file target_35.pdb (PDB, C-alpha atoms)
ATOM      1  CA  MET O   1     -19.504 -53.189-122.203
ATOM      2  CA  GLY O   2     -17.516 -55.224-124.757
ATOM      3  CA  SER O   3     -13.819 -55.772-124.252
ATOM      4  CA  LEU O   4     -11.361 -54.419-126.792
ATOM      5  CA  GLN O   5      -9.356 -56.985-128.710
ATOM      6  CA  LYS O   6      -5.585 -56.701-128.242
ATOM      7  CA  THR O   7      -3.582 -56.742-131.492
ATOM      8  CA  PHE O   8       0.055 -57.851-131.478
ATOM      9  CA  VAL O   9       2.838 -57.051-133.924
ATOM     10  CA  PHE O  10       5.450 -59.566-135.042
ATOM     11  CA  ASP O  11       8.348 -58.126-133.001
ATOM     12  CA  GLU O  12       6.311 -58.376-129.811
ATOM     13  CA  VAL O  13       5.320 -62.005-130.433
ATOM     14  CA  ALA O  14       8.869 -62.930-131.493
ATOM     15  CA  LYS O  15      10.221 -61.959-128.040
ATOM     16  CA  HIS O  16       8.216 -64.757-126.419
ATOM     17  CA  ASN O  17      10.237 -67.730-127.706
ATOM     18  CA  LYS O  18      11.437 -69.620-124.633
ATOM     19  CA  MET O  19      10.156 -72.636-122.728
ATOM     20  CA  ASP O  20       9.024 -70.397-119.848
ATOM     21  CA  ASP O  21       7.555 -67.683-122.085
ATOM     22  CA  CYS O  22       5.985 -69.042-125.292
ATOM     23  CA  TRP O  23       3.626 -67.305-127.667
ATOM     24  CA  ILE O  24       2.578 -68.701-131.024
ATOM     25  CA  ILE O  25       0.582 -67.396-133.972
ATOM     26  CA  ILE O  26      -2.018 -69.672-135.530
ATOM     27  CA  SER O  27      -4.409 -68.453-138.215
ATOM     28  CA  GLY O  28      -3.930 -64.789-137.332
ATOM     29  CA  LYS O  29      -4.491 -65.293-133.611
ATOM     30  CA  VAL O  30      -1.885 -65.071-130.838
ATOM     31  CA  TYR O  31      -1.763 -67.676-128.079
ATOM     32  CA  ASN O  32       0.267 -67.694-124.880
ATOM     33  CA  VAL O  33       0.930 -71.432-124.609
ATOM     34  CA  THR O  34       3.424 -71.180-121.738
ATOM     35  CA  PRO O  35       1.111 -72.940-119.242
ATOM     36  CA  PHE O  36       0.613 -75.837-121.689
ATOM     37  CA  MET O  37       4.287 -76.545-122.458
ATOM     38  CA  ASP O  38       4.656 -79.375-119.931
ATOM     39  CA  ASP O  39       1.324 -80.939-120.912
ATOM     40  CA  HIS O  40       1.708 -80.939-124.702
ATOM     41  CA  PRO O  41       1.546 -84.564-125.936
ATOM     42  CA  GLY O  42       4.436 -83.952-128.363
ATOM     43  CA  GLY O  43       6.533 -82.298-125.662
ATOM     44  CA  GLY O  44       7.205 -78.670-124.933
ATOM     45  CA  GLU O  45      10.232 -78.550-127.216
ATOM     46  CA  VAL O  46       8.010 -79.201-130.233
ATOM     47  CA  MET O  47       5.982 -76.117-129.404
ATOM     48  CA  ARG O  48       9.029 -74.051-128.426
ATOM     49  CA  LYS O  49      10.367 -74.429-131.984
ATOM     50  CA  ALA O  50       7.219 -72.710-133.249
ATOM     51  CA  THR O  51       7.135 -69.933-130.664
ATOM     52  CA  GLY O  52       7.571 -66.352-131.711
ATOM     53  CA  LYS O  53       6.603 -67.356-135.266
ATOM     54  CA  ASP O  54       3.554 -68.082-137.374
ATOM     55  CA  ALA O  55       2.890 -71.761-136.618
ATOM     56  CA  THR O  56      -0.274 -72.061-138.717
ATOM     57  CA  VAL O  57       1.223 -74.545-141.188
ATOM     58  CA  ASP O  58       2.848 -76.681-138.482
ATOM     59  CA  TYR O  59      -0.349 -76.772-136.450
ATOM     60  CA  GLY O  60      -2.400 -77.774-139.482
ATOM     61  CA  ASP O  61       0.088 -80.433-140.611
ATOM     62  CA  VAL O  62      -0.177 -82.309-137.311
ATOM     63  CA  GLY O  63      -3.935 -82.781-137.574
ATOM     64  CA  HIS O  64      -4.994 -81.768-134.080
ATOM     65  CA  SER O  65      -8.199 -83.127-132.582
ATOM     66  CA  ALA O  66     -11.386 -81.145-132.032
ATOM     67  CA  ALA O  67     -10.570 -81.172-128.304
ATOM     68  CA  ALA O  68      -7.153 -79.612-129.002
ATOM     69  CA  ASN O  69      -8.777 -76.945-131.160
ATOM     70  CA  GLU O  70     -11.250 -76.149-128.384
ATOM     71  CA  MET O  71      -8.486 -76.048-125.772
ATOM     72  CA  MET O  72      -6.693 -73.316-127.715
ATOM     73  CA  GLY O  73      -9.394 -70.873-126.639
ATOM     74  CA  LYS O  74      -8.111 -70.659-123.099
ATOM     75  CA  TYR O  75      -4.638 -69.630-124.329
ATOM     76  CA  TYR O  76      -5.885 -66.979-126.778
ATOM     77  CA  ILE O  77      -4.555 -63.501-125.943
ATOM     78  CA  GLY O  78      -5.313 -61.471-129.073
ATOM     79  CA  GLU O  79      -5.137 -60.944-132.805
ATOM     80  CA  PHE O  80      -2.000 -60.778-134.938
ATOM     81  CA  ASP O  81      -1.240 -57.923-137.321
ATOM     82  CA  GLN O  82      -0.132 -59.839-140.450
ATOM     83  CA  SER O  83       1.313 -56.703-142.029
ATOM     84  CA  THR O  84       4.118 -56.646-139.434
ATOM     85  CA  ILE O  85       5.890 -59.844-140.543
ATOM     86  CA  PRO O  86       9.281 -58.838-141.946
ATOM     87  CA  ALA O  87       9.983 -60.748-145.182
ATOM     88  CA  LYS O  88      13.380 -61.983-143.986
ATOM     89  CA  ARG O  89      12.086 -63.088-140.567
ATOM     90  CA  SER O  90       8.892 -64.753-141.683
ATOM     91  CA  TYR O  91       8.724 -68.397-140.649
ATOM     92  CA  MET O  92       7.158 -69.296-143.971
ATOM     93  CA  SER O  93       9.757 -67.480-146.086
ATOM     94  CA  SER O  94      12.644 -69.042-144.128
ATOM     95  CA  THR O  95      11.118 -72.486-144.662
ATOM     96  CA  THR O  96      10.639 -71.760-148.356
ATOM     97  CA  ASP O  97      14.249 -70.591-148.610
ATOM     98  CA  LYS O  98      15.448 -73.860-147.075
ATOM     99  CA  ILE O  99      13.392 -75.888-149.547
ATOM    100  CA  ASN O 100      14.684 -73.819-152.461
ATOM    101  CA  ASN O 101      18.268 -74.342-151.286
ATOM    102  CA  LEU O 102      17.720 -78.101-151.652
ATOM    103  CA  LYS O 103      17.183 -77.498-155.366
ATOM    104  CA  SER O 104      20.390 -75.497-155.854
ATOM    105  CA  PRO O 105      23.045 -76.951-158.192
ATOM    106  CA  LYS O 106      25.675 -76.817-155.404
ATOM    107  CA  PHE O 107      23.491 -78.934-153.136
ATOM    108  CA  VAL O 108      22.771 -81.464-155.898
ATOM    109  CA  ILE O 109      26.480 -81.773-156.681
ATOM    110  CA  LYS O 110      27.305 -82.323-153.000
ATOM    111  CA  VAL O 111      24.677 -85.056-152.726
ATOM    112  CA  LEU O 112      25.960 -86.754-155.886
ATOM    113  CA  LEU O 113      29.568 -86.623-154.663
ATOM    114  CA  ILE O 114      28.597 -88.108-151.313
ATOM    115  CA  GLY O 115      26.718 -90.890-153.122
ATOM    116  CA  ILE O 116      29.683 -91.638-155.376
ATOM    117  CA  MET O 117      32.067 -91.678-152.405
ATOM    118  CA  ALA O 118      29.776 -94.007-150.467
ATOM    119  CA  ALA O 119      29.554 -96.380-153.449
ATOM    120  CA  ALA O 120      33.339 -96.327-153.906
ATOM    121  CA  LEU O 121      33.867 -97.039-150.221
ATOM    122  CA  ARG O 122      31.433 -99.955-150.392
ATOM    123  CA  VAL O 123      33.336-101.416-153.381
ATOM    124  CA  LEU O 124      36.624-101.052-151.536
ATOM    125  CA  LEU O 125      35.281-102.693-148.377
ATOM    126  CA  VAL O 126      33.737-105.609-150.288
ATOM    127  CA  SER O 127      36.966-106.272-152.206
ATOM    128  CA  PHE O 128      38.972-106.742-148.998
TER     129      PHE O 128
END

call {"tool": "encode", "arguments": {"input": "target_35.pdb", "output": "structure tokens"}}
result
Amino acid sequence: MGSLQKTFVFDEVAKHNKMDDCWIIISGKVYNVTPFMDDHPGGGEVMRKATGKDATVDYGDVGHSAAANEMMGKYYIGEFDQSTIPAKRSYMSSTTDKINNLKSPKFVIKVLLIGIMAAALRVLLVSF
């Protein structure tokens, strides 16, 4: 008899976002990484920041080894229902929003003003 695959929705995964209760989503699969938090080479806090969210991009950006990819199997608990990610709570959309905010005219003006003030301060300090 084959076992039925458990499917998780976003709200259920999002509840597991603490050091002692951590679930992450990677490539449409849900992992309970709580037992691995203390052993993670980058530290548990690195993984905690990705818990309760889709960490596919973060996981891929790090360039994990084949051994790390194999190890994930023992933490696998089920599939993730992609259709349940709310647009406003999606990890990817919040990251995209932050990047887009860096391009806003207000942000650019603030950066320019800080640069001008730093240059003026340097001129004042050198002249004394």

call {"tool": "closest_residue", "arguments": {"input": "target_35.pdb", "among": "O:Val46, O:Leu112, O:Leu124, O:Met117", "to": "Ile24 (chain O)", "atoms": "only C-alpha atoms"}}
result
O:Val46

call {"tool": "atom_distance", "arguments": {"input": "target_35.pdb", "atom1": "CA of Gln5 (chain O)", "atom2": "CA of Gln82 (chain O)"}}
result
15.2 Å

call {"tool": "atom_distance", "arguments": {"input": "target_35.pdb", "atom1": "CA of Asp54 (chain O)", "atom2": "CA of Asp20 (chain O)"}}
result
18.5 Å

call {"tool": "resolve_selection", "arguments": {"input": "target_35.pdb", "expression": "the PyMOL selection byres ((chain O and resi 70-81) around 6)", "output": "count of residues only"}}
result
16

call {"tool": "closest_residue", "arguments": {"input": "target_35.pdb", "among": "O:Leu113, O:Ser27, O:Gly63, O:Lys18", "to": "Met47 (chain O)", "atoms": "only C-alpha atoms"}}
result
O:Lys18

call {"tool": "axis_aligned_box", "arguments": {"input": "target_35.pdb", "around": "region 108-123 of chain O", "padding_each_side": "3 Å", "output": "lines of an AutoDock Vina configuration file"}}
result
center_x = 28.3
center_y = -91.4
center_z = -153.5
size_x = 17.1
size_y = 26.0
size_z = 12.5

call {"tool": "resolve_selection", "arguments": {"input": "target_35.pdb", "expression": "the PyMOL selection byres ((chain O and resi 37) around 9)", "output": "PyMOL selection string"}}
result
chain O and resi 19-20+22+33-36+38-40+43-45+47-48

call {"tool": "residues_around", "arguments": {"input": "target_35.pdb", "residues": "Lys15 (chain O)", "least_positions_apart": "4", "cutoff": "10 Å", "atoms": "all atoms listed in the file", "output": "number ranges by chain"}}
result
O: 10-11, 21-23, 51-53

call {"tool": "atom_distance", "arguments": {"input": "target_35.pdb", "atom1": "CA of Ala50 (chain O)", "atom2": "CA of Val62 (chain O)"}}
result
12.8 Å

call {"tool": "closest_residue", "arguments": {"input": "target_35.pdb", "among": "O:Arg122, O:Pro41, O:Ile116, O:Ile85", "to": "Val13 (chain O)", "atoms": "only C-alpha atoms"}}
result
O:Ile85

call {"tool": "decode", "arguments": {"input": "target_35.pdb", "residues": "region 39-55 of chain O", "atoms": "N, CA and C atoms", "output": "PDB file, in the first residue's frame"}}
result
ATOM      1  N   ASP O  39      22.577  22.367  13.867  1.00  0.00           N
ATOM      2  CA  ASP O  39      23.659  21.786  13.081  1.00  0.00           C
ATOM      3  C   ASP O  39      23.935  22.521  11.773  1.00  0.00           C
ATOM      4  N   HIS O  40      23.083  23.447  11.402  1.00  0.00           N
ATOM      5  CA  HIS O  40      23.251  24.150  10.121  1.00  0.00           C
ATOM      6  C   HIS O  40      24.566  24.928  10.127  1.00  0.00           C
ATOM      7  N   PRO O  41      25.405  24.727   9.110  1.00  0.00           N
ATOM      8  CA  PRO O  41      26.722  25.396   9.078  1.00  0.00           C
ATOM      9  C   PRO O  41      26.634  26.929   9.122  1.00  0.00           C
ATOM     10  N   GLY O  42      25.562  27.497   8.597  1.00  0.00           N
ATOM     11  CA  GLY O  42      25.395  28.952   8.617  1.00  0.00           C
ATOM     12  C   GLY O  42      24.717  29.443   9.883  1.00  0.00           C
ATOM     13  N   GLY O  43      24.334  28.522  10.756  1.00  0.00           N
ATOM     14  CA  GLY O  43      23.649  28.882  11.989  1.00  0.00           C
ATOM     15  C   GLY O  43      22.142  28.771  11.824  1.00  0.00           C
ATOM     16  N   GLY O  44      21.483  28.485  12.908  1.00  0.00           N
ATOM     17  CA  GLY O  44      20.040  28.326  12.890  1.00  0.00           C
ATOM     18  C   GLY O  44      19.297  29.600  12.530  1.00  0.00           C
ATOM     19  N   GLU O  45      19.852  30.736  12.905  1.00  0.00           N
ATOM     20  CA  GLU O  45      19.185  32.013  12.636  1.00  0.00           C
ATOM     21  C   GLU O  45      19.039  32.265  11.134  1.00  0.00           C
ATOM     22  N   VAL O  46      20.014  31.809  10.367  1.00  0.00           N
ATOM     23  CA  VAL O  46      19.942  31.954   8.909  1.00  0.00           C
ATOM     24  C   VAL O  46      18.711  31.224   8.385  1.00  0.00           C
ATOM     25  N   MET O  47      18.502  30.023   8.872  1.00  0.00           N
ATOM     26  CA  MET O  47      17.349  29.241   8.426  1.00  0.00           C
ATOM     27  C   MET O  47      16.059  29.797   9.017  1.00  0.00           C
ATOM     28  N   ARG O  48      16.088  30.280  10.252  1.00  0.00           N
ATOM     29  CA  ARG O  48      14.876  30.800  10.869  1.00  0.00           C
ATOM     30  C   ARG O  48      14.296  31.957  10.048  1.00  0.00           C
ATOM     31  N   LYS O  49      15.167  32.769   9.441  1.00  0.00           N
ATOM     32  CA  LYS O  49      14.692  33.893   8.633  1.00  0.00           C
ATOM     33  C   LYS O  49      13.911  33.425   7.407  1.00  0.00           C
ATOM     34  N   ALA O  50      14.137  32.207   6.990  1.00  0.00           N
ATOM     35  CA  ALA O  50      13.446  31.664   5.814  1.00  0.00           C
ATOM     36  C   ALA O  50      12.265  30.777   6.185  1.00  0.00           C
ATOM     37  N   THR O  51      12.048  30.559   7.468  1.00  0.00           N
ATOM     38  CA  THR O  51      10.971  29.652   7.871  1.00  0.00           C
ATOM     39  C   THR O  51       9.607  30.278   7.652  1.00  0.00           C
ATOM     40  N   GLY O  52       8.649  29.414   7.387  1.00  0.00           N
ATOM     41  CA  GLY O  52       7.289  29.872   7.157  1.00  0.00           C
ATOM     42  C   GLY O  52       7.131  30.586   5.824  1.00  0.00           C
ATOM     43  N   LYS O  53       8.140  30.509   4.976  1.00  0.00           N
ATOM     44  CA  LYS O  53       8.124  31.199   3.676  1.00  0.00           C
ATOM     45  C   LYS O  53       8.648  30.252   2.594  1.00  0.00           C
ATOM     46  N   ASP O  54       8.571  30.731   1.360  1.00  0.00           N
ATOM     47  CA  ASP O  54       9.182  29.988   0.258  1.00  0.00           C
ATOM     48  C   ASP O  54      10.645  30.401   0.194  1.00  0.00           C
ATOM     49  N   ALA O  55      11.538  29.481   0.541  1.00  0.00           N
ATOM     50  CA  ALA O  55      12.974  29.758   0.606  1.00  0.00           C
ATOM     51  C   ALA O  55      13.724  29.225  -0.608  1.00  0.00           C
TER      52      ALA O  55
END
